[in-house]
Amino acid sequence: MHSKIHAHVPYTRLSEHLAYIVANRINPEVFFSALALDHVIWEELSAQAHILLTAGLTTTIHAPFLDLNPGALDPAIREVTQKRFQQVFQAAEQLKPRIIVFHPGYDELRYGSSRLDWLKNSIDFWREFVPRAKETDTIIAVENIFEKEPSTLRGLLEAIDDPSFRHCFDVGHWNMFTTVTLEEWFANLGQFVVEAHIHDNHGQTDEHLPPGEGQIDFDLLFDLLKRHAPDAVYTIEAHSVERMQRALKALEHYLLIPVKGISSCQRKSS
């Protein structure tokens, strides 16, 4: 595939599909669940990473997210989150990803009245990991999930203020929860975007449809990405081979570039 384009692959299926990934030139975004991190065979991961690097493929990582929260008000939750993310960076030492995507953990329904407390905890948490990102030669990218508008993420990004700490824009999540336009989002956060998760929906559920099959204006999205984040990675999130094929075909239209290769090893969560 084009070097800007990645596809999600669960770590638990990486060995099973590694030959296919190499043969089809798929740049993987390897998703590590918490359970997968507890069962990593590090020698095996090192061998897998060597195969990918030797093949000239670039890698990104998606960190675990269920039950984790860097800005949690409960210090025990932050401690568990820190442990999991340290495991992710241990995996990154082998895979050498260009980007590691993390969920920030903010939800206005839970933290609306405690927004500043959550933000302070999150800033303190991430300041400890930025030096690790620099050592690993990677970029931490926090992904929008439930954010209705960009102010909380912007506050976090501006407080950290480091090129190793940036934003992964998920257009599907934006479409489900937004109260602002794409133009407004990119006016606030476009300068921080290093990766975009590409999938479509109709605004109600996280359908993970190929671009053009929901209600999202992808012509506008890619125009904004080209203007604000021309070097951003585009990561396809699809839940079946057939959807991956349709997504790749759609990208040829939107990006006006030839895109080849399909992935039969998609993870089942966003």
# chains A, B, ... in the order shown; residues from 1 in each chain; ligands from 1
>>> select_by_dssp(residues="range 68-227 of chain A", states="alpha helix (DSSP H)", output="PyMOL selection string")
chain A and resi 75-95+108-111+115-136+151-160+171-177+182-189+218-227
>>> residues_around(residues="Thr152 in chain A", least_positions_apart="3", cutoff="12 Å", atoms="only C-alpha atoms", output="PyMOL selection string")
chain A and resi 71+104-108+111-112+114-120+122-123+142-149+155-159+185+188-189
>>> write_last_selection(atoms="N, CA, C and O atoms", output="CSV table (one decimal), in the first residue's frame")
chain,number,residue,atom,x,y,z
A,71,GLY,N,-6.2,10.5,32.9
A,71,GLY,CA,-6.6,11.6,33.7
A,71,GLY,C,-7.5,11.2,34.8
A,71,GLY,O,-8.2,12.1,35.4
A,104,PRO,N,-7.5,9.3,25.2
A,104,PRO,CA,-7.2,10.2,26.3
A,104,PRO,C,-8.1,9.9,27.5
A,104,PRO,O,-7.6,10.3,28.6
A,105,GLY,N,-9.3,9.4,27.4
A,105,GLY,CA,-10.1,9.0,28.5
A,105,GLY,C,-11.1,10.0,29.0
A,105,GLY,O,-11.8,9.8,30.0
A,106,TYR,N,-11.2,11.2,28.3
A,106,TYR,CA,-12.1,12.2,28.7
A,106,TYR,C,-13.5,12.0,28.2
A,106,TYR,O,-13.7,11.6,27.1
A,107,ASP,N,-14.5,12.2,29.1
A,107,ASP,CA,-15.9,12.0,28.8
A,107,ASP,C,-16.6,13.1,29.6
A,107,ASP,O,-16.6,13.1,30.8
A,108,GLU,N,-17.3,14.0,28.8
A,108,GLU,CA,-17.9,15.1,29.5
A,108,GLU,C,-19.0,14.7,30.4
A,108,GLU,O,-19.2,15.3,31.5
A,111,TYR,N,-16.9,13.7,33.5
A,111,TYR,CA,-15.9,14.6,34.1
A,111,TYR,C,-16.2,16.1,33.9
A,111,TYR,O,-15.4,17.0,34.1
A,112,GLY,N,-17.5,16.4,33.4
A,112,GLY,CA,-17.8,17.7,33.1
A,112,GLY,C,-17.5,18.7,34.2
A,112,GLY,O,-16.9,19.8,34.0
A,114,SER,N,-15.6,18.1,36.7
A,114,SER,CA,-14.2,17.9,37.2
A,114,SER,C,-13.2,18.0,36.0
A,114,SER,O,-12.2,17.4,36.1
A,115,ARG,N,-13.6,18.8,35.0
A,115,ARG,CA,-12.8,18.8,33.8
A,115,ARG,C,-11.4,19.3,34.1
A,115,ARG,O,-10.4,18.7,33.6
A,116,LEU,N,-11.2,20.3,34.9
A,116,LEU,CA,-9.9,20.8,35.2
A,116,LEU,C,-9.0,19.8,36.0
A,116,LEU,O,-7.8,19.8,35.8
A,117,ASP,N,-9.7,19.1,36.9
A,117,ASP,CA,-9.0,18.1,37.7
A,117,ASP,C,-8.5,17.0,36.7
A,117,ASP,O,-7.3,16.5,36.9
A,118,TRP,N,-9.4,16.5,35.8
A,118,TRP,CA,-9.0,15.5,34.9
A,118,TRP,C,-7.8,16.0,34.0
A,118,TRP,O,-6.9,15.3,33.8
A,119,LEU,N,-7.9,17.3,33.5
A,119,LEU,CA,-6.9,17.8,32.7
A,119,LEU,C,-5.6,17.9,33.4
A,119,LEU,O,-4.5,17.6,32.8
A,120,LYS,N,-5.6,18.3,34.6
A,120,LYS,CA,-4.3,18.4,35.4
A,120,LYS,C,-3.7,17.0,35.5
A,120,LYS,O,-2.5,16.9,35.3
A,122,SER,N,-4.1,14.5,33.6
A,122,SER,CA,-3.7,14.0,32.3
A,122,SER,C,-2.3,14.7,31.9
A,122,SER,O,-1.4,14.0,31.4
A,123,ILE,N,-2.2,16.0,32.1
A,123,ILE,CA,-1.0,16.7,31.8
A,123,ILE,C,0.2,16.1,32.6
A,123,ILE,O,1.2,15.8,32.0
A,142,VAL,N,-2.9,11.4,20.8
A,142,VAL,CA,-4.1,11.1,21.5
A,142,VAL,C,-5.3,11.3,20.6
A,142,VAL,O,-5.4,12.3,19.8
A,143,GLU,N,-6.2,10.3,20.6
A,143,GLU,CA,-7.3,10.2,19.7
A,143,GLU,C,-8.6,10.8,20.3
A,143,GLU,O,-8.9,10.5,21.5
A,144,ASN,N,-9.4,11.5,19.5
A,144,ASN,CA,-10.7,12.0,20.0
A,144,ASN,C,-11.6,10.8,20.0
A,144,ASN,O,-11.7,10.0,19.1
A,145,ILE,N,-12.4,10.7,21.2
A,145,ILE,CA,-13.3,9.6,21.3
A,145,ILE,C,-14.7,10.2,21.5
A,145,ILE,O,-15.5,10.3,20.6
A,146,PHE,N,-15.0,10.7,22.8
A,146,PHE,CA,-16.3,11.2,23.1
A,146,PHE,C,-16.3,12.8,23.1
A,146,PHE,O,-17.4,13.4,23.4
A,147,GLU,N,-15.2,13.4,22.7
A,147,GLU,CA,-15.1,14.8,22.7
A,147,GLU,C,-16.2,15.5,21.8
A,147,GLU,O,-16.2,15.1,20.6
A,148,LYS,N,-17.0,16.4,22.3
A,148,LYS,CA,-18.0,17.1,21.4
A,148,LYS,C,-17.3,18.2,20.7
A,148,LYS,O,-17.8,18.6,19.6
A,149,GLU,N,-16.3,18.8,21.3
A,149,GLU,CA,-15.6,19.9,20.7
A,149,GLU,C,-14.1,19.8,21.1
A,149,GLU,O,-13.8,19.1,22.1
A,155,GLY,N,-6.3,22.0,25.1
A,155,GLY,CA,-5.7,22.3,26.4
A,155,GLY,C,-4.6,21.4,26.8
A,155,GLY,O,-3.5,21.8,27.3
A,156,LEU,N,-4.8,20.1,26.5
A,156,LEU,CA,-3.8,19.1,26.8
A,156,LEU,C,-2.6,19.2,25.9
A,156,LEU,O,-1.5,19.2,26.3
A,157,LEU,N,-2.9,19.3,24.6
A,157,LEU,CA,-1.8,19.4,23.6
A,157,LEU,C,-1.0,20.7,23.8
A,157,LEU,O,0.3,20.7,23.7
A,158,GLU,N,-1.6,21.8,24.1
A,158,GLU,CA,-0.9,23.1,24.4
A,158,GLU,C,-0.1,23.0,25.7
A,158,GLU,O,1.0,23.6,25.7
A,159,ALA,N,-0.6,22.3,26.7
A,159,ALA,CA,0.1,22.3,27.9
A,159,ALA,C,1.4,21.4,27.8
A,159,ALA,O,2.4,21.8,28.3
A,185,TRP,N,-13.0,22.1,13.9
A,185,TRP,CA,-12.1,21.1,14.5
A,185,TRP,C,-10.6,21.3,14.0
A,185,TRP,O,-9.7,21.4,14.8
A,188,ASN,N,-8.8,24.4,15.1
A,188,ASN,CA,-8.2,24.3,16.5
A,188,ASN,C,-7.1,23.3,16.6
A,188,ASN,O,-6.1,23.6,17.4
A,189,LEU,N,-7.2,22.2,16.0
A,189,LEU,CA,-6.3,21.1,16.2
A,189,LEU,C,-5.5,20.6,15.0
A,189,LEU,O,-4.7,19.7,15.1
>>> select_by_dssp(residues="range 109-257 of chain A", states="strand (DSSP E)", output="MDAnalysis selection string")
chainID A and resid 139:143 165:170 193:198 233:236
>>> write_last_selection(atoms="C-alpha atoms", output="PDB file, in the first residue's frame")
ATOM      1  CA  ILE A 139       5.109  10.174  18.517  1.00  0.00           C
ATOM      2  CA  ILE A 140       2.317   9.862  21.075  1.00  0.00           C
ATOM      3  CA  ALA A 141      -1.018  10.669  19.409  1.00  0.00           C
ATOM      4  CA  VAL A 142      -4.140  11.149  21.541  1.00  0.00           C
ATOM      5  CA  GLU A 143      -7.327  10.219  19.699  1.00  0.00           C
ATOM      6  CA  PHE A 165       2.871  14.604  21.676  1.00  0.00           C
ATOM      7  CA  ARG A 166       0.233  15.095  18.996  1.00  0.00           C
ATOM      8  CA  HIS A 167      -3.319  14.285  17.862  1.00  0.00           C
ATOM      9  CA  CYS A 168      -4.920  11.353  16.046  1.00  0.00           C
ATOM     10  CA  PHE A 169      -8.145  12.574  14.450  1.00  0.00           C
ATOM     11  CA  ASP A 170     -10.855   9.909  14.245  1.00  0.00           C
ATOM     12  CA  VAL A 193      -2.700  16.096  13.621  1.00  0.00           C
ATOM     13  CA  VAL A 194      -0.197  13.343  12.768  1.00  0.00           C
ATOM     14  CA  GLU A 195      -2.670  10.537  12.055  1.00  0.00           C
ATOM     15  CA  ALA A 196      -6.281  10.147  10.934  1.00  0.00           C
ATOM     16  CA  HIS A 197      -8.484   7.119  11.473  1.00  0.00           C
ATOM     17  CA  ILE A 198     -10.501   6.636   8.316  1.00  0.00           C
ATOM     18  CA  VAL A 233      -0.742   8.877   8.350  1.00  0.00           C
ATOM     19  CA  TYR A 234      -4.131   7.558   7.188  1.00  0.00           C
ATOM     20  CA  THR A 235      -5.191   4.427   9.063  1.00  0.00           C
ATOM     21  CA  ILE A 236      -8.081   2.354   7.717  1.00  0.00           C
TER      22      ILE A 236
END
>>> residues_around(residues="Ala133 in chain A", least_positions_apart="4", cutoff="12 Å", atoms="only C-alpha atoms", output="list of chain:residue names")
A:Phe85, A:Gln86, A:Val88, A:Phe89, A:Gln90, A:Ala92, A:Glu93, A:Lys96, A:Pro97, A:Arg98, A:Ile99, A:Ile100, A:Val101, A:Trp126, A:Arg127, A:Glu128, A:Phe129, A:Asp137, A:Thr138, A:Ile139, A:Ile140, A:Ala141, A:Asp162, A:Pro163, A:Ser164, A:Phe165, A:Arg166
>>> residues_around(residues="Glu44 in chain A", least_positions_apart="3", cutoff="12 Å", atoms="only C-alpha atoms", output="ChimeraX atom specification")
/A:11-12,14-15,18,39-41,47-51,91,94-95
>>> write_last_selection(atoms="C-alpha atoms", output="PDB file, in the first residue's frame")
ATOM      1  CA  TYR A  11      -1.351  -8.347  17.768  1.00  0.00           C
ATOM      2  CA  THR A  12      -2.979 -11.691  18.574  1.00  0.00           C
ATOM      3  CA  LEU A  14       0.009 -10.827  13.674  1.00  0.00           C
ATOM      4  CA  SER A  15       1.886 -14.134  13.426  1.00  0.00           C
ATOM      5  CA  LEU A  18       2.512 -11.888   8.826  1.00  0.00           C
ATOM      6  CA  HIS A  39       0.999 -12.688  26.918  1.00  0.00           C
ATOM      7  CA  VAL A  40       3.563 -11.155  24.575  1.00  0.00           C
ATOM      8  CA  ILE A  41       6.470 -13.463  23.828  1.00  0.00           C
ATOM      9  CA  ALA A  47      11.384 -11.574  15.127  1.00  0.00           C
ATOM     10  CA  GLN A  48       8.096 -10.194  13.772  1.00  0.00           C
ATOM     11  CA  ALA A  49       9.433  -6.654  13.965  1.00  0.00           C
ATOM     12  CA  HIS A  50      12.580  -7.682  12.087  1.00  0.00           C
ATOM     13  CA  ILE A  51      10.491  -9.173   9.274  1.00  0.00           C
ATOM     14  CA  ALA A  91       6.598  -3.357  22.536  1.00  0.00           C
ATOM     15  CA  GLN A  94      10.813  -3.778  19.092  1.00  0.00           C
ATOM     16  CA  LEU A  95       8.333  -2.550  16.446  1.00  0.00           C
TER      17      LEU A  95
END
>>> atom_distance(atom1="CA of Asp206 in chain A", atom2="CA of Ile26 in chain A")
23.7 Å
>>> residues_around(residues="Gly214 in chain A", least_positions_apart="5", cutoff="9 Å", atoms="only C-alpha atoms", output="PyMOL selection string")
chain A and resi 199-203+207+209
>>> residues_around(residues="Arg84 in chain A", least_positions_apart="4", cutoff="9 Å", atoms="only C-alpha atoms", output="list in words")
Ala34, Leu37, Ala63, Pro64, Leu68, Glu79, Val80, Val88 and Phe89 of chain A
>>> write_last_selection(atoms="N, CA and C atoms", output="PDB file, in the first residue's frame")
ATOM      1  N   ALA A  34      -5.022  -5.235  26.502  1.00  0.00           N
ATOM      2  CA  ALA A  34      -4.335  -5.472  27.775  1.00  0.00           C
ATOM      3  C   ALA A  34      -3.961  -6.946  27.918  1.00  0.00           C
ATOM      4  N   LEU A  37      -0.936  -7.800  25.847  1.00  0.00           N
ATOM      5  CA  LEU A  37       0.310  -7.327  26.446  1.00  0.00           C
ATOM      6  C   LEU A  37       0.810  -8.280  27.525  1.00  0.00           C
ATOM      7  N   ALA A  63      -2.661   1.543  21.322  1.00  0.00           N
ATOM      8  CA  ALA A  63      -2.556   1.072  22.699  1.00  0.00           C
ATOM      9  C   ALA A  63      -3.900   0.557  23.206  1.00  0.00           C
ATOM     10  N   PRO A  64      -3.904  -0.241  24.276  1.00  0.00           N
ATOM     11  CA  PRO A  64      -5.161  -0.667  24.896  1.00  0.00           C
ATOM     12  C   PRO A  64      -5.883   0.539  25.474  1.00  0.00           C
ATOM     13  N   LEU A  68      -9.046   2.067  30.968  1.00  0.00           N
ATOM     14  CA  LEU A  68      -7.856   2.872  31.251  1.00  0.00           C
ATOM     15  C   LEU A  68      -8.165   4.354  31.105  1.00  0.00           C
ATOM     16  N   GLU A  79      -2.554   4.459  37.951  1.00  0.00           N
ATOM     17  CA  GLU A  79      -1.423   3.554  38.139  1.00  0.00           C
ATOM     18  C   GLU A  79      -1.506   2.363  37.186  1.00  0.00           C
ATOM     19  N   VAL A  80      -2.701   1.787  37.063  1.00  0.00           N
ATOM     20  CA  VAL A  80      -2.885   0.667  36.133  1.00  0.00           C
ATOM     21  C   VAL A  80      -2.659   1.134  34.693  1.00  0.00           C
ATOM     22  N   VAL A  88       3.252  -0.999  26.517  1.00  0.00           N
ATOM     23  CA  VAL A  88       3.163  -0.589  25.117  1.00  0.00           C
ATOM     24  C   VAL A  88       4.517  -0.069  24.629  1.00  0.00           C
ATOM     25  N   PHE A  89       5.169   0.735  25.436  1.00  0.00           N
ATOM     26  CA  PHE A  89       6.473   1.268  25.026  1.00  0.00           C
ATOM     27  C   PHE A  89       7.539   0.176  24.972  1.00  0.00           C
TER      28      PHE A  89
END
>>> closest_residue(among="A:Pro211, A:Leu182, A:Ala232, A:Leu35", to="Met244 in chain A", atoms="only C-alpha atoms")
A:Pro211
>>> closest_residue(among="A:Ala36, A:Val180, A:Val171, A:Ile216", to="Ser151 in chain A", atoms="only C-alpha atoms")
A:Val180
>>> atom_distance(atom1="CA of Arg246 in chain A", atom2="CA of Ala229 in chain A")
24.4 Å
